[in-house]
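Written out below as structure tokens is the structure these notes cover.
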Amino acid sequence: MANSHDMSTDEDHSNYSAINPLKQGAFDVSPEEKIVQIESHVAHILDILGMDLTDDSIKGTPKRVAKMFVNELFGGLLPQNHPKSSTFKNNYKYGEMLVEKNITLYSTCEHHLLPIIGKAHIAYISNGTVVGLSKMNRIVDYFARRPQVQERLTMQIVHEMQKVLNTPDVACVIDAKHLCVNSRGIRDYDSSTITSEFGGRFKEASVKADFLAYIQMETDF
């Protein structure tokens, strides 16, 4: 598992490499230039594989892949995409845990660059501050859109929520399929991976049990 570090601000990137293995100068090249460079490399890979890059079906693939890598699949590597999380005073004095479950998660395994697809479940107990519900989804999406390992992703979500809410009382569980297991190697389609991170009061057995019970409830709408 990755070391525990707070996220740095958008302007200060000193801690990013401690969370995801980024090289020095990772942000020196603009997204536009990264697309140009990646397009060239993807074209070279397809050429080595023997694909005819003059064919109408595939000639645009290198640019499409490059744009997808920079702007979509790995857009969470760009600090400027860090979600702005608006917080509000808990004026209604809600004192129990708030749970948002079944947050759709799409990420990419950093070992084989194959998809990770699953659900994230987040909970927190307010210490006087609450966050907009959609911001929790955006936090999951931001940290998922990187080459990732699931353990690190789970901790990053919790650490970000703790920072935004200024409380240690945050928990996250992720249940996801890794296509590096499901579609290659052992090809075990039915297996999934569960990771968890419990902070503050969620380390207490009763609070943790309540959270786990909530995320197992059936939701029929």
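Every chain in the structure tokens has a letter given in the order shown (A, B, ...), and although residue numbers restart at 1 in each chain, ligands are simply numbered from 1 in the order shown.
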
I'd like the neighbourhood of region 94-105 of chain A as a PyMOL selection string, where a residue qualifies if any of its atoms comes within 7 Å (using only C-alpha atoms), though same-chain residues fewer than 3 positions away should be ignored. chain A and resi 90+117-126+137+141+144+215

Considering only C-alpha atoms, return as a ChimeraX atom specification whatever protein or nucleic-acid residues lie within 9 Å of Asn127 (chain A), sequence-local ones (same chain, fewer than 3 positions apart) excluded. /A:90,95,130,165-167,169

Grab the residues selected above and save them as a CSV table (one decimal), in the first residue's frame with N, CA and C atoms.
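Result went into out_35.csv, see below:
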```csv
chain,number,residue,atom,x,y,z
A,90,ASN,N,-23.1,22.4,8.8
A,90,ASN,CA,-24.1,21.4,9.1
A,90,ASN,C,-25.2,22.1,10.0
A,95,GLY,N,-26.1,14.3,13.0
A,95,GLY,CA,-25.0,13.8,13.7
A,95,GLY,C,-24.7,12.3,13.4
A,130,VAL,N,-20.4,19.8,5.9
A,130,VAL,CA,-20.9,18.8,5.0
A,130,VAL,C,-20.4,19.2,3.6
A,165,LEU,N,-13.3,17.8,4.5
A,165,LEU,CA,-14.2,17.9,5.6
A,165,LEU,C,-13.6,18.3,6.9
A,166,ASN,N,-12.3,18.3,7.0
A,166,ASN,CA,-11.5,18.6,8.2
A,166,ASN,C,-12.0,17.6,9.3
A,167,THR,N,-12.0,16.4,9.0
A,167,THR,CA,-12.4,15.4,10.0
A,167,THR,C,-11.7,14.0,9.7
A,169,ASP,N,-13.1,11.2,10.4
A,169,ASP,CA,-14.2,10.2,10.4
A,169,ASP,C,-14.7,10.0,9.0
```

Going by DSSP on the backbone, which bits of region 15-168 of chain A are strand (DSSP E)? Write them as a PyMOL selection string, please. chain A and resi 87-89+97-109+115-125+129-131+147-148

Residue among A:Asp188, A:Arg145, A:Asp210, A:Lys135 lying closest to Ala171 (chain A), counting only C-alpha atoms: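 With only C-alpha atoms as the atom set, the closest residue is A:Asp210.
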
Secondary structure check, helix (DSSP H, G or I) residues of region 7-182 of chain A, as an NGL selection string: :A and (16-19 or 31-49 or 61-73 or 75-77 or 79-81 or 133-144 or 150-165 or 179-182)

Selected residue, from A:Asp56, A:Asp28, A:Asp47, A:Glu110, that lies nearest to Leu78 (chain A) when counting only C-alpha atoms: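 Selected residue with least distance to Leu78 (chain A): A:Asp28.
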
Write out as a PyMOL selection string each polymer residue whose atoms come within 12 Å of region 190-195 of chain A, counting only C-alpha atoms; drop sequence neighbours fewer than 3 positions from it. chain A and resi 1+116-121+149-155+157-158+171-183+186-187+198

Using only C-alpha atoms, which residue out of A:Ser206, A:Thr219, A:Ser86, A:Gln156 lies closest to Asn20 (chain A)?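 Under the stated criterion, the closest residue is A:Gln156.
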
Choose the residue, out of A:Ile38, A:Ile139, A:Val164, A:Thr54, that has the smallest atom-to-atom separation from Met68 (chain A); count only C-alpha atoms. A:Ile38

With only C-alpha atoms as the counted atoms, please give the residues lying no more than 9 Å from Phe27 (chain A), apart from itself and same-chain residues fewer than 3 positions off, as a ChimeraX atom specification. /A:13,24,30-31,78-79

CA of Arg146 (chain A) to CA of His44 (chain A), straight-line distance in Å: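 CA of Arg146 (chain A) lies 23.1 Å from CA of His44 (chain A).
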
Quote the spacing between CA of Leu212 (chain A) and CA of Gly199 (chain A) in Å to one decimal place. 14.0 Å

Record the distance separating CA of Glu39 (chain A) and CA of His111 (chain A), expressed in Å with one decimal.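 Separation of CA of Glu39 (chain A) and CA of His111 (chain A): 20.9 Å.
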
Need to verify the contact set: Pro83 (chain A), 7 Å, only C-alpha atoms, exclusion of same-chain residues closer than 2 positions in sequence. Can you return it as a list in words?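 The residues that qualify are Asn81, Ser85, Arg138 and Ile139 of chain A.
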
Write to file, as a PDB file, in the first residue's frame, the residues of the selection just made, with C-alpha atoms.
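Done, and the output landed in out.pdb:
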```
ATOM      1  CA  ASN A  81      -8.639  18.713 -13.021  1.00  0.00           C
ATOM      2  CA  SER A  85     -15.243  20.683  -3.282  1.00  0.00           C
ATOM      3  CA  ARG A 138     -16.122  13.711  -8.494  1.00  0.00           C
ATOM      4  CA  ILE A 139     -13.432  12.862  -5.951  1.00  0.00           C
TER       5      ILE A 139
END
```

Kindly indicate which residue among A:Cys109, A:Met161, A:Ala66, A:Ile45 lies nearest to Gln148 (chain A), using only C-alpha atoms for the distances.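 Of the candidates, the smallest distance to Gln148 (chain A) is held by A:Cys109.
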